[in-house]
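What follows is the content of final.pdb (PDB, C-alpha atoms and all ligand atoms).
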```
ATOM      1  CA  ALA P   1      -4.148 -14.620  25.005
ATOM      2  CA  LEU P   2      -7.308 -13.847  26.928
ATOM      3  CA  SER P   3     -10.168 -16.262  26.615
ATOM      4  CA  ALA P   4     -13.308 -14.570  25.388
ATOM      5  CA  CYS P   5     -15.380 -14.927  28.545
ATOM      6  CA  GLY P   6     -15.486 -16.434  31.983
ATOM      7  CA  SER P   7     -11.860 -15.679  32.793
ATOM      8  CA  GLY P   8     -12.317 -13.969  36.139
ATOM      9  CA  GLY P   9     -11.094 -10.411  36.095
ATOM     10  CA  GLY P  10     -10.523 -10.318  32.344
ATOM     11  CA  SER P  11     -12.452  -7.959  30.138
ATOM     12  CA  SER P  12     -15.759  -9.297  28.890
ATOM     13  CA  ASP P  13     -16.705  -9.316  25.215
ATOM     14  CA  SER P  14     -18.874  -6.256  25.585
ATOM     15  CA  ASP P  15     -15.907  -4.139  26.665
ATOM     16  CA  LEU P  16     -14.163  -4.794  23.396
ATOM     17  CA  VAL P  17     -14.477  -2.441  20.451
ATOM     18  CA  LYS P  18     -15.927  -4.419  17.529
ATOM     19  CA  VAL P  19     -13.911  -3.591  14.419
ATOM     20  CA  GLY P  20     -14.506  -4.768  10.865
ATOM     21  CA  PHE P  21     -11.380  -4.448   8.748
ATOM     22  CA  SER P  22     -11.681  -4.895   4.982
ATOM     23  CA  GLN P  23      -8.210  -5.485   3.561
ATOM     24  CA  LEU P  24      -8.029  -5.119  -0.203
ATOM     25  CA  GLY P  25      -5.921  -8.184  -0.904
ATOM     26  CA  ALA P  26      -2.616  -9.991  -0.462
ATOM     27  CA  GLU P  27      -1.004  -8.811  -3.686
ATOM     28  CA  SER P  28       2.422  -7.761  -2.443
ATOM     29  CA  GLY P  29       5.053  -7.993   0.257
ATOM     30  CA  TRP P  30       3.881  -4.591   1.434
ATOM     31  CA  ARG P  31       0.324  -5.844   1.834
ATOM     32  CA  THR P  32       1.416  -8.950   3.739
ATOM     33  CA  ALA P  33       3.457  -6.826   6.115
ATOM     34  CA  ASN P  34       0.556  -4.407   6.545
ATOM     35  CA  THR P  35      -1.853  -7.241   7.340
ATOM     36  CA  GLU P  36       0.598  -8.679   9.879
ATOM     37  CA  SER P  37       0.942  -5.308  11.546
ATOM     38  CA  VAL P  38      -2.840  -4.829  11.678
ATOM     39  CA  LYS P  39      -3.382  -8.284  13.179
ATOM     40  CA  GLU P  40      -0.545  -7.818  15.644
ATOM     41  CA  HIS P  41      -2.081  -4.652  17.114
ATOM     42  CA  LEU P  42      -5.855  -4.895  16.640
ATOM     43  CA  THR P  43      -6.128  -7.491  19.388
ATOM     44  CA  GLU P  44      -8.226  -8.291  22.436
ATOM     45  CA  GLU P  45      -5.249  -7.322  24.590
ATOM     46  CA  ASN P  46      -5.609  -3.878  23.057
ATOM     47  CA  GLY P  47      -9.375  -3.857  23.587
ATOM     48  CA  ILE P  48     -10.353  -4.747  20.027
ATOM     49  CA  ASP P  49     -12.468  -7.610  18.686
ATOM     50  CA  LEU P  50     -11.309  -7.775  15.060
ATOM     51  CA  THR P  51     -13.120  -9.234  12.070
ATOM     52  CA  PHE P  52     -10.616  -9.267   9.194
ATOM     53  CA  VAL P  53     -11.689  -9.935   5.597
ATOM     54  CA  ASP P  54      -9.391 -10.123   2.539
ATOM     55  CA  ALA P  55     -11.061  -8.969  -0.724
ATOM     56  CA  GLN P  56      -8.497 -10.518  -3.109
ATOM     57  CA  GLN P  57      -8.192  -7.239  -5.034
ATOM     58  CA  LYS P  58     -11.874  -7.289  -6.030
ATOM     59  CA  GLN P  59     -14.006  -4.267  -5.262
ATOM     60  CA  GLU P  60     -17.241  -6.291  -5.186
ATOM     61  CA  ASN P  61     -15.789  -8.499  -2.435
ATOM     62  CA  GLN P  62     -14.839  -5.422  -0.497
ATOM     63  CA  ILE P  63     -18.303  -3.875  -0.814
ATOM     64  CA  LYS P  64     -19.836  -7.139   0.395
ATOM     65  CA  ALA P  65     -17.538  -7.212   3.428
ATOM     66  CA  LEU P  66     -18.468  -3.618   4.270
ATOM     67  CA  ARG P  67     -22.178  -4.460   4.047
ATOM     68  CA  ASP P  68     -21.647  -7.460   6.319
ATOM     69  CA  PHE P  69     -19.964  -5.189   8.858
ATOM     70  CA  VAL P  70     -23.043  -2.934   8.795
ATOM     71  CA  ASP P  71     -25.307  -5.965   9.358
ATOM     72  CA  GLN P  72     -23.079  -7.072  12.226
ATOM     73  CA  ASP P  73     -23.359  -3.564  13.668
ATOM     74  CA  VAL P  74     -19.642  -3.231  14.359
ATOM     75  CA  ASP P  75     -18.458  -0.184  16.330
ATOM     76  CA  VAL P  76     -15.857   0.963  13.788
ATOM     77  CA  ILE P  77     -15.163   0.060  10.162
ATOM     78  CA  ALA P  78     -11.614   0.267   8.848
ATOM     79  CA  PHE P  79     -10.828  -0.339   5.217
ATOM     80  CA  SER P  80      -8.219   0.016   2.537
ATOM     81  CA  PRO P  81      -9.991   0.660  -0.792
ATOM     82  CA  VAL P  82      -8.601  -1.182  -3.815
ATOM     83  CA  ILE P  83      -9.459   1.731  -6.133
ATOM     84  CA  GLU P  84     -10.606   5.276  -5.431
ATOM     85  CA  THR P  85     -14.072   5.376  -7.029
ATOM     86  CA  GLY P  86     -17.251   3.293  -6.735
ATOM     87  CA  TRP P  87     -17.859   3.593  -2.991
ATOM     88  CA  ASP P  88     -20.624   6.224  -2.880
ATOM     89  CA  GLU P  89     -23.525   3.908  -2.146
ATOM     90  CA  VAL P  90     -21.882   1.744   0.474
ATOM     91  CA  LEU P  91     -20.251   4.714   2.211
ATOM     92  CA  GLN P  92     -23.658   6.403   2.394
ATOM     93  CA  ASP P  93     -25.181   3.250   3.896
ATOM     94  CA  ILE P  94     -22.416   3.052   6.493
ATOM     95  CA  LYS P  95     -22.942   6.699   7.323
ATOM     96  CA  ASP P  96     -26.717   6.193   7.645
ATOM     97  CA  ALA P  97     -26.009   3.315  10.031
ATOM     98  CA  GLY P  98     -23.956   5.715  12.151
ATOM     99  CA  ILE P  99     -20.766   3.653  11.989
ATOM    100  CA  PRO P 100     -17.526   5.656  11.896
ATOM    101  CA  VAL P 101     -14.996   4.786   9.175
ATOM    102  CA  VAL P 102     -11.236   4.895   9.476
ATOM    103  CA  LEU P 103      -9.661   4.849   6.046
ATOM    104  CA  VAL P 104      -6.422   2.897   5.856
ATOM    105  CA  ASP P 105      -3.578   3.271   3.334
ATOM    106  CA  ARG P 106      -5.349   4.010   0.040
ATOM    107  CA  THR P 107      -7.725   6.904  -0.553
ATOM    108  CA  VAL P 108     -11.310   7.293  -1.869
ATOM    109  CA  ASP P 109     -12.897   9.677  -4.324
ATOM    110  CA  THR P 110     -16.566  10.014  -3.344
ATOM    111  CA  THR P 111     -19.486  12.404  -3.422
ATOM    112  CA  VAL P 112     -20.499  11.380   0.126
ATOM    113  CA  GLU P 113     -19.839  14.208   2.553
ATOM    114  CA  ASP P 114     -17.492  13.459   5.452
ATOM    115  CA  PRO P 115     -17.223   9.784   4.425
ATOM    116  CA  PHE P 116     -14.600   8.945   7.060
ATOM    117  CA  VAL P 117     -13.433  10.348  10.376
ATOM    118  CA  SER P 118      -9.757   9.734   9.843
ATOM    119  CA  TRP P 119      -7.267   8.501   7.240
ATOM    120  CA  ILE P 120      -3.901   6.923   7.970
ATOM    121  CA  GLY P 121      -1.431   6.246   5.184
ATOM    122  CA  ALA P 122       1.574   7.432   3.235
ATOM    123  CA  ASP P 123       1.995  10.473   1.004
ATOM    124  CA  PHE P 124       1.974   8.695  -2.371
ATOM    125  CA  THR P 125       2.534  11.889  -4.348
ATOM    126  CA  ALA P 126       5.656  12.685  -2.319
ATOM    127  CA  GLU P 127       6.916   9.127  -2.935
ATOM    128  CA  GLY P 128       6.541   9.666  -6.687
ATOM    129  CA  VAL P 129       8.319  13.019  -6.465
ATOM    130  CA  THR P 130      11.244  11.468  -4.537
ATOM    131  CA  ALA P 131      11.588   8.758  -7.197
ATOM    132  CA  GLY P 132      11.314  11.308 -10.022
ATOM    133  CA  GLU P 133      13.901  13.617  -8.472
ATOM    134  CA  TRP P 134      16.406  10.792  -8.156
ATOM    135  CA  VAL P 135      15.889   9.887 -11.824
ATOM    136  CA  ALA P 136      16.028  13.495 -13.067
ATOM    137  CA  GLU P 137      19.189  14.227 -11.071
ATOM    138  CA  ASN P 138      21.109  10.994 -11.632
ATOM    139  CA  HIS P 139      19.899   9.807 -15.033
ATOM    140  CA  PRO P 140      18.475  12.809 -16.860
ATOM    141  CA  ASP P 141      18.855  11.103 -20.246
ATOM    142  CA  ALA P 142      17.256   7.799 -19.232
ATOM    143  CA  LYS P 143      14.258   6.589 -21.203
ATOM    144  CA  VAL P 144      11.712   5.575 -18.611
ATOM    145  CA  PHE P 145       9.071   2.875 -18.712
ATOM    146  CA  GLU P 146       6.513   3.396 -15.943
ATOM    147  CA  LEU P 147       5.229   0.155 -14.423
ATOM    148  CA  GLN P 148       1.989   1.264 -12.840
ATOM    149  CA  GLY P 149       0.118  -0.207  -9.907
ATOM    150  CA  THR P 150      -3.577  -1.127  -9.951
ATOM    151  CA  MET P 151      -5.171   1.434 -12.262
ATOM    152  CA  GLY P 152      -7.398   3.870 -10.425
ATOM    153  CA  SER P 153      -5.906   3.148  -7.014
ATOM    154  CA  GLY P 154      -4.696   6.091  -4.958
ATOM    155  CA  ALA P 155      -1.224   4.561  -4.853
ATOM    156  CA  GLN P 156      -1.082   4.443  -8.676
ATOM    157  CA  THR P 157      -2.599   7.804  -9.563
ATOM    158  CA  ASN P 158      -0.633   9.773  -6.995
ATOM    159  CA  ARG P 159       2.745   8.075  -7.478
ATOM    160  CA  GLN P 160       2.377   8.653 -11.208
ATOM    161  CA  GLU P 161       1.390  12.280 -10.725
ATOM    162  CA  GLY P 162       4.310  12.912  -8.356
ATOM    163  CA  PHE P 163       6.858  11.182 -10.574
ATOM    164  CA  ARG P 164       5.696  12.936 -13.738
ATOM    165  CA  SER P 165       5.701  16.336 -12.069
ATOM    166  CA  VAL P 166       9.512  16.097 -12.053
ATOM    167  CA  ALA P 167      10.501  13.451 -14.634
ATOM    168  CA  GLY P 168       7.436  13.317 -16.887
ATOM    169  CA  ASP P 169       9.321  14.250 -20.052
ATOM    170  CA  GLN P 170      11.487  11.125 -19.676
ATOM    171  CA  VAL P 171       8.575   8.653 -19.729
ATOM    172  CA  ILE P 172       8.384   6.807 -23.065
ATOM    173  CA  GLY P 173       5.898   4.073 -22.153
ATOM    174  CA  GLU P 174       3.595   2.756 -19.435
ATOM    175  CA  ALA P 175       1.595  -0.327 -18.485
ATOM    176  CA  SER P 176       0.006  -1.662 -15.322
ATOM    177  CA  GLY P 177       1.330  -4.662 -13.439
ATOM    178  CA  ASN P 178      -1.478  -4.497 -10.853
ATOM    179  CA  PHE P 179       1.084  -4.370  -7.996
ATOM    180  CA  THR P 180       1.915  -8.095  -8.386
ATOM    181  CA  ARG P 181       5.147  -9.847  -9.285
ATOM    182  CA  THR P 182       3.581 -12.011 -12.018
ATOM    183  CA  GLU P 183       1.790  -9.190 -13.801
ATOM    184  CA  GLY P 184       4.834  -6.940 -13.404
ATOM    185  CA  LYS P 185       6.950  -9.558 -15.142
ATOM    186  CA  GLU P 186       4.418  -9.907 -17.987
ATOM    187  CA  ALA P 187       4.194  -6.152 -18.476
ATOM    188  CA  VAL P 188       7.987  -5.864 -18.733
ATOM    189  CA  GLU P 189       8.225  -8.804 -21.158
ATOM    190  CA  ALA P 190       5.864  -6.880 -23.448
ATOM    191  CA  ALA P 191       7.651  -3.569 -22.831
ATOM    192  CA  LEU P 192      11.030  -5.031 -23.810
ATOM    193  CA  GLN P 193       9.486  -5.668 -27.241
ATOM    194  CA  ALA P 194       7.472  -2.461 -27.506
ATOM    195  CA  TYR P 195      10.131  -0.043 -26.193
ATOM    196  CA  PRO P 196      13.527  -1.511 -27.118
ATOM    197  CA  ASP P 197      15.383   1.630 -26.041
ATOM    198  CA  MET P 198      13.940   1.920 -22.541
ATOM    199  CA  ASP P 199      16.763   1.865 -20.003
ATOM    200  CA  LEU P 200      15.037   2.671 -16.724
ATOM    201  CA  ILE P 201      11.888   1.279 -15.133
ATOM    202  CA  PHE P 202       9.962   3.171 -12.486
ATOM    203  CA  ALA P 203       7.850   0.483 -10.775
ATOM    204  CA  HIS P 204       5.103   1.627  -8.419
ATOM    205  CA  ASN P 205       6.063  -1.167  -6.005
ATOM    206  CA  ASP P 206       8.880  -3.607  -5.195
ATOM    207  CA  ASP P 207       6.988  -6.712  -6.283
ATOM    208  CA  MET P 208       6.519  -5.481  -9.847
ATOM    209  CA  GLY P 209      10.190  -4.461  -9.855
ATOM    210  CA  LEU P 210      11.103  -7.999  -8.794
ATOM    211  CA  GLY P 211       8.990  -9.317 -11.675
ATOM    212  CA  ALA P 212      10.847  -6.883 -13.953
ATOM    213  CA  ILE P 213      14.192  -8.389 -12.856
ATOM    214  CA  GLU P 214      13.010 -11.828 -14.014
ATOM    215  CA  ALA P 215      11.867 -10.493 -17.396
ATOM    216  CA  ILE P 216      15.081  -8.521 -17.953
ATOM    217  CA  GLU P 217      17.339 -11.449 -17.038
ATOM    218  CA  ALA P 218      15.314 -13.794 -19.256
ATOM    219  CA  ALA P 219      15.969 -11.363 -22.128
ATOM    220  CA  GLY P 220      19.726 -11.632 -21.486
ATOM    221  CA  LYS P 221      20.090  -8.143 -20.017
ATOM    222  CA  VAL P 222      21.455  -7.024 -16.672
ATOM    223  CA  PRO P 223      18.953  -5.419 -14.269
ATOM    224  CA  GLY P 224      20.431  -2.407 -12.475
ATOM    225  CA  GLU P 225      22.911  -1.824 -15.318
ATOM    226  CA  ASP P 226      21.402  -2.245 -18.802
ATOM    227  CA  ILE P 227      18.024  -1.382 -17.401
ATOM    228  CA  ARG P 228      17.934   0.480 -14.114
ATOM    229  CA  ILE P 229      15.047  -0.069 -11.715
ATOM    230  CA  VAL P 230      13.513   2.423  -9.282
ATOM    231  CA  THR P 231      10.732   1.211  -6.986
ATOM    232  CA  VAL P 232       8.524   2.147  -4.049
ATOM    233  CA  ASP P 233       7.962   0.163  -0.781
ATOM    234  CA  GLY P 234      11.298  -1.006   0.649
ATOM    235  CA  VAL P 235      10.137  -4.440   1.766
ATOM    236  CA  HIS P 236      12.794  -7.024   2.576
ATOM    237  CA  ASP P 237      13.039  -8.566  -0.918
ATOM    238  CA  GLY P 238      13.151  -5.150  -2.554
ATOM    239  CA  LEU P 239      15.989  -3.887  -0.373
ATOM    240  CA  THR P 240      17.872  -7.151  -0.934
ATOM    241  CA  ALA P 241      17.616  -6.549  -4.708
ATOM    242  CA  LEU P 242      18.990  -3.061  -4.070
ATOM    243  CA  LEU P 243      21.916  -4.461  -2.068
ATOM    244  CA  GLU P 244      22.604  -6.906  -4.917
ATOM    245  CA  GLY P 245      22.691  -4.025  -7.401
ATOM    246  CA  LYS P 246      19.586  -5.131  -9.325
ATOM    247  CA  PHE P 247      17.496  -2.216  -8.091
ATOM    248  CA  ASN P 248      19.018   1.270  -8.176
ATOM    249  CA  PHE P 249      16.814   3.333  -5.859
ATOM    250  CA  VAL P 250      13.963   2.466  -3.507
ATOM    251  CA  VAL P 251      11.527   4.916  -1.949
ATOM    252  CA  GLU P 252      10.138   3.525   1.276
ATOM    253  CA  CYS P 253       6.436   3.140   1.968
ATOM    254  CA  ASN P 254       6.068   1.973   5.544
ATOM    255  CA  PRO P 255       3.301  -0.639   6.083
ATOM    256  CA  ALA P 256       3.924  -1.162   9.813
ATOM    257  CA  PHE P 257       1.426   1.263  11.297
ATOM    258  CA  GLY P 258      -0.923  -1.185  13.042
ATOM    259  CA  ASP P 259      -0.024   0.352  16.405
ATOM    260  CA  GLN P 260      -1.086   3.824  15.278
ATOM    261  CA  LEU P 261      -4.242   2.376  13.709
ATOM    262  CA  ALA P 262      -5.209   0.573  16.939
ATOM    263  CA  GLU P 263      -4.829   3.797  18.870
ATOM    264  CA  LEU P 264      -6.881   5.781  16.344
ATOM    265  CA  ILE P 265      -9.687   3.222  16.400
ATOM    266  CA  THR P 266      -9.770   3.209  20.193
ATOM    267  CA  GLN P 267     -10.064   6.984  20.241
ATOM    268  CA  VAL P 268     -12.769   6.991  17.574
ATOM    269  CA  ALA P 269     -14.779   4.377  19.483
ATOM    270  CA  ALA P 270     -14.491   6.487  22.648
ATOM    271  CA  GLY P 271     -15.852   9.488  20.775
ATOM    272  CA  GLU P 272     -12.608  11.427  21.122
ATOM    273  CA  ASP P 273     -11.373  13.914  18.551
ATOM    274  CA  VAL P 274      -8.843  12.430  16.154
ATOM    275  CA  PRO P 275      -6.654  14.001  13.484
ATOM    276  CA  ALA P 276      -8.249  13.985  10.016
ATOM    277  CA  GLU P 277      -4.989  12.621   8.605
ATOM    278  CA  THR P 278      -2.021  10.670   9.915
ATOM    279  CA  ILE P 279       0.833  10.562   7.421
ATOM    280  CA  VAL P 280       3.201   7.647   7.857
ATOM    281  CA  VAL P 281       6.779   8.853   7.448
ATOM    282  CA  ASP P 282       8.924   7.381   4.672
ATOM    283  CA  GLN P 283      12.628   7.446   3.754
ATOM    284  CA  ALA P 284      14.573   6.390   0.643
ATOM    285  CA  PHE P 285      17.543   4.099  -0.057
ATOM    286  CA  ASP P 286      20.209   3.842  -2.747
ATOM    287  CA  GLN P 287      22.822   1.162  -3.455
ATOM    288  CA  THR P 288      24.933   2.253  -0.469
ATOM    289  CA  ILE P 289      22.460   0.311   1.717
ATOM    290  CA  THR P 290      24.031  -2.368   3.955
ATOM    291  CA  GLN P 291      22.827  -5.768   5.175
ATOM    292  CA  ASP P 292      22.635  -4.356   8.741
ATOM    293  CA  VAL P 293      20.025  -1.828   7.653
ATOM    294  CA  ILE P 294      17.947  -4.556   6.003
ATOM    295  CA  ASP P 295      18.239  -6.867   9.023
ATOM    296  CA  ALA P 296      17.160  -4.142  11.422
ATOM    297  CA  ARG P 297      13.852  -3.609   9.650
ATOM    298  CA  THR P 298      10.603  -5.213  10.726
ATOM    299  CA  PHE P 299       9.128  -5.716   7.248
TER
HETATM  300  O1  LIG U 301       2.910   0.217  -2.324
HETATM  301  C1  LIG U 301       1.917  -1.867  -2.905
HETATM  302  C2  LIG U 301       0.628  -2.458  -2.516
HETATM  303  O2  LIG U 301      -1.360   0.878  -1.250
HETATM  304  C3  LIG U 301       0.719   1.641  -0.450
HETATM  305  O3  LIG U 301      -0.232  -1.358  -2.355
HETATM  306  C4  LIG U 301      -0.078   0.508  -0.943
HETATM  307  C5  LIG U 301       0.526  -0.207  -2.133
HETATM  308  C6  LIG U 301       1.946  -0.704  -1.975
HETATM  309  O4  LIG U 301       0.188  -3.451  -3.298
HETATM  310  O5  LIG U 301       2.972  -2.760  -2.745
END
```

structure tokens encoding of this file:
Amino acid sequence: ALSACGSGGGSSDSDLVKVGFSQLGAESGWRTANTESVKEHLTEENGIDLTFVDAQQKQENQIKALRDFVDQDVDVIAFSPVIETGWDEVLQDIKDAGIPVVLVDRTVDTTVEDPFVSWIGADFTAEGVTAGEWVAENHPDAKVFELQGTMGSGAQTNRQEGFRSVAGDQVIGEASGNFTRTEGKEAVEAALQAYPDMDLIFAHNDDMGLGAIEAIEAAGKVPGEDIRIVTVDGVHDGLTALLEGKFNFVVECNPAFGDQLAELITQVAAGEDVPAETIVVDQAFDQTITQDVIDARTF
């Protein structure tokens, strides 16, 4: 690694683009992989001086981090908003300070005009549609319990909308597991009581699906057979559950886009034109997945 200053010939601090990155939390395997990818690529070697702050899934922490970045007069702010609403004031302040925003992963719903220069993330609605199509085609009679992500997050609202646009009439119950394994498990424990005839769970992420496995097994049922499980993400543990037959279908959401983010930020800082949107490409997996495929993945 470069030392910050005094290393003859190396870049000095002032050449680096100062970036404040507000990550929303560390709630899931996806998030951990995303954070690793961000830290791997937003580096001094790539011309970036990164300040990274984890908000622990609390919007107030995230707003505070964003205000700190304004005070520190960073060159670019990047952030992944925990939920869609509630950002109007802080986004306006950032705009007034003339600091460009790159929105990462999740989306915002704001009255501020042109609140960000660029957004990079996945097409959550399409992920929900892919999951819904698999259910409607393969298990048209299944009674579905929808295990939702953090309520009001772009990943929750759009996955739900996509899924229900094709398999909505199969949904018999819903509850949020806040994208975590523990809360996913609790939600499914309650659902097993409330909806005794549910036989398929659509979980908005792998971690909640992994929590569902624990709840189902504790109730003496067989995950993947008595109660099928469809998830989104495709992190290592999720695909392993698929290989073991405990998950039935997994729609990928790729978190490893730190390289594309670093490039976007560099272009924004240089005042270059950037695309308004960069959609990260996803695929999907069923139980024909092999260990080789899992091993070859980086997250
Ligand atoms: O699917 C989930 C995480 O926003 C795409 O957030 C992200 C989602 C991801 O907690 O695991």

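What separates atom CA of P:Leu200 from atom CA of P:Gly177 is a distance of 15.9 Å.
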
Can you tell me which residues come within 6 Å of ligand LIG 301 (chain U) when counting all atoms listed in the file, ideally as a list of chain:residue names?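 For ligand LIG 301 (chain U), the residues inside 6 Å are P:Glu27, P:Ser28, P:Trp30, P:Arg31, P:Asp105, P:Arg106, P:Ala155, P:Phe179, P:Asn205, P:Asp233.
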
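What the PyMOL selection byres (((chain P and resi 86) around 9) and not hetatm) matches in the given file is Gln59, Ile83, Glu84, Thr85, Trp87, Asp88, Glu89, Val90, Val108, Asp109 and Thr110 of chain P.
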
Using all atoms listed in the file, can you list as a list of chain:residue names the residues within 8 Å of (10.0, -9.2, -19.5)?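 Every residue inside that radius is included here: P:Lys185, P:Glu186, P:Ala187, P:Val188, P:Glu189, P:Ala190, P:Ala191, P:Leu192, P:Gly211, P:Ala212, P:Ile213, P:Glu214, P:Ala215, P:Ile216, P:Ala218, P:Ala219.
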
Expansion of the PyMOL selection byres (((chain P and resi 257-264) around 7) and not hetatm) into residues, as a PDB file with C-alpha atoms, in the coordinates of the input:
```pdb
ATOM      1  CA  SER P  37       0.942  -5.308  11.546  1.00  0.00           C
ATOM      2  CA  VAL P  38      -2.840  -4.829  11.678  1.00  0.00           C
ATOM      3  CA  HIS P  41      -2.081  -4.652  17.114  1.00  0.00           C
ATOM      4  CA  LEU P  42      -5.855  -4.895  16.640  1.00  0.00           C
ATOM      5  CA  PRO P 255       3.301  -0.639   6.083  1.00  0.00           C
ATOM      6  CA  ALA P 256       3.924  -1.162   9.813  1.00  0.00           C
ATOM      7  CA  ILE P 265      -9.687   3.222  16.400  1.00  0.00           C
ATOM      8  CA  THR P 266      -9.770   3.209  20.193  1.00  0.00           C
ATOM      9  CA  GLN P 267     -10.064   6.984  20.241  1.00  0.00           C
ATOM     10  CA  VAL P 268     -12.769   6.991  17.574  1.00  0.00           C
ATOM     11  CA  VAL P 274      -8.843  12.430  16.154  1.00  0.00           C
TER      12      VAL P 274
END
```
